[in-house]
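Since the structure comes first, as structure tokens, the remarks are kept for the end.
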Amino acid sequence: MCCDWAISIRRACGALNFDRSTHHYTSRRADQAGLERRIREICEIRVRYGYRRVHVLLEREGWGTNIKRTYRIYRDLGLQLRNKTPKRGVKAKLREDRHMAVGPNDVWAMDFVHDQLATGKKLRVLTVVDTFSRYVPVLDPRHSYRGEDVVQTLERVCQKAGYPKTIRVDQGTEFVSRDLDLWAYSKGVTLDFSRPGKPTDNAFIEAFNGRFRAECLNQHWFLTLADAREKMEDWRRYYNPVS
């Protein structure tokens, strides 16, 4: 209108009954492209995280966003969790940025191995390996494991062996728990998650678990949980100096 009739903005706004302040308004909203990219990266790695836990990680990294904005972006990107089992080939962060460990306690790898007692009662063994020295700080069998049990075992071990910089884990429920996440954050430990369905992302622990099963689990009968702990600890002590 200003160009066609060669009139000022004031007269054009007056003729249209349009507030000039609205015409001159400039949005002060910060560019959210970087925030969208970071939320997507977090969800690709931590595939079971909802928007609330994504927001906690963003706060730790200093993004300074509120939870409503996090939820809006999370929803607009279509990242909502589904109850159905995801198909194979779920996208996750590529691992080009992974580097080899350069010293002890630089990178640990952690996983579970399943076995049973002579009575048929199930066992779950938490296995941990230092990927640089191949030292095994702990083999901890229990009948069942929760996130808080993993934290309890790691804290007990780390007080003696020291805290690692990074722990490589899969997407198991115990490893994506709030308890482990909070422990890792408070201790300055990075949890490096494998891609779903990609055990080769954590090849060190897979190789160790195969040896552990062949040399220990397949060679013994475990009568009780205490018996299993004793025999596994004897094997761990044998394995560490020899390997």
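Chain lettering (A, B, ...) mirrors the order of the structure tokens, residue numbering begins at 1 for each chain separately, and ligand numbering begins at 1 in order of display.
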Which of range 15-205 of chain A DSSP labels strand (DSSP E), written as number ranges by chain: A: 107-116, 122-130, 138-142, 166-169, 190-193
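Distances from A:Leu58, A:Val102, A:Ala203, A:Met232 to Arg37 in chain A were compared using only C-alpha atoms, and the smallest one belongs to A:Leu58.
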From the set A:Gln80, A:Gln116, A:Thr131, A:Gln152, which residue has the shortest atom-to-atom contact distance to Val47 in chain A, counting only C-alpha atoms? A:Gln80
So which residues touch range 211-216 of chain A within 12 Å, counting only C-alpha atoms, skipping near sequence neighbours fewer than 2 positions away, as a PyMOL selection string? chain A and resi 112-115+125-129+136+139+204-209+218-222+228-236+238-239+243
Name the closest residue to Lys121 in chain A among the candidates A:Leu225, A:Asn17, A:Tyr49, A:Asp170; distances are taken between atoms, counting only C-alpha atoms.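 Nearest to Lys121 in chain A: A:Leu225.
Relative to CA of Val189 in chain A, CA of Pro141 in chain A is found at 23.3 Å.
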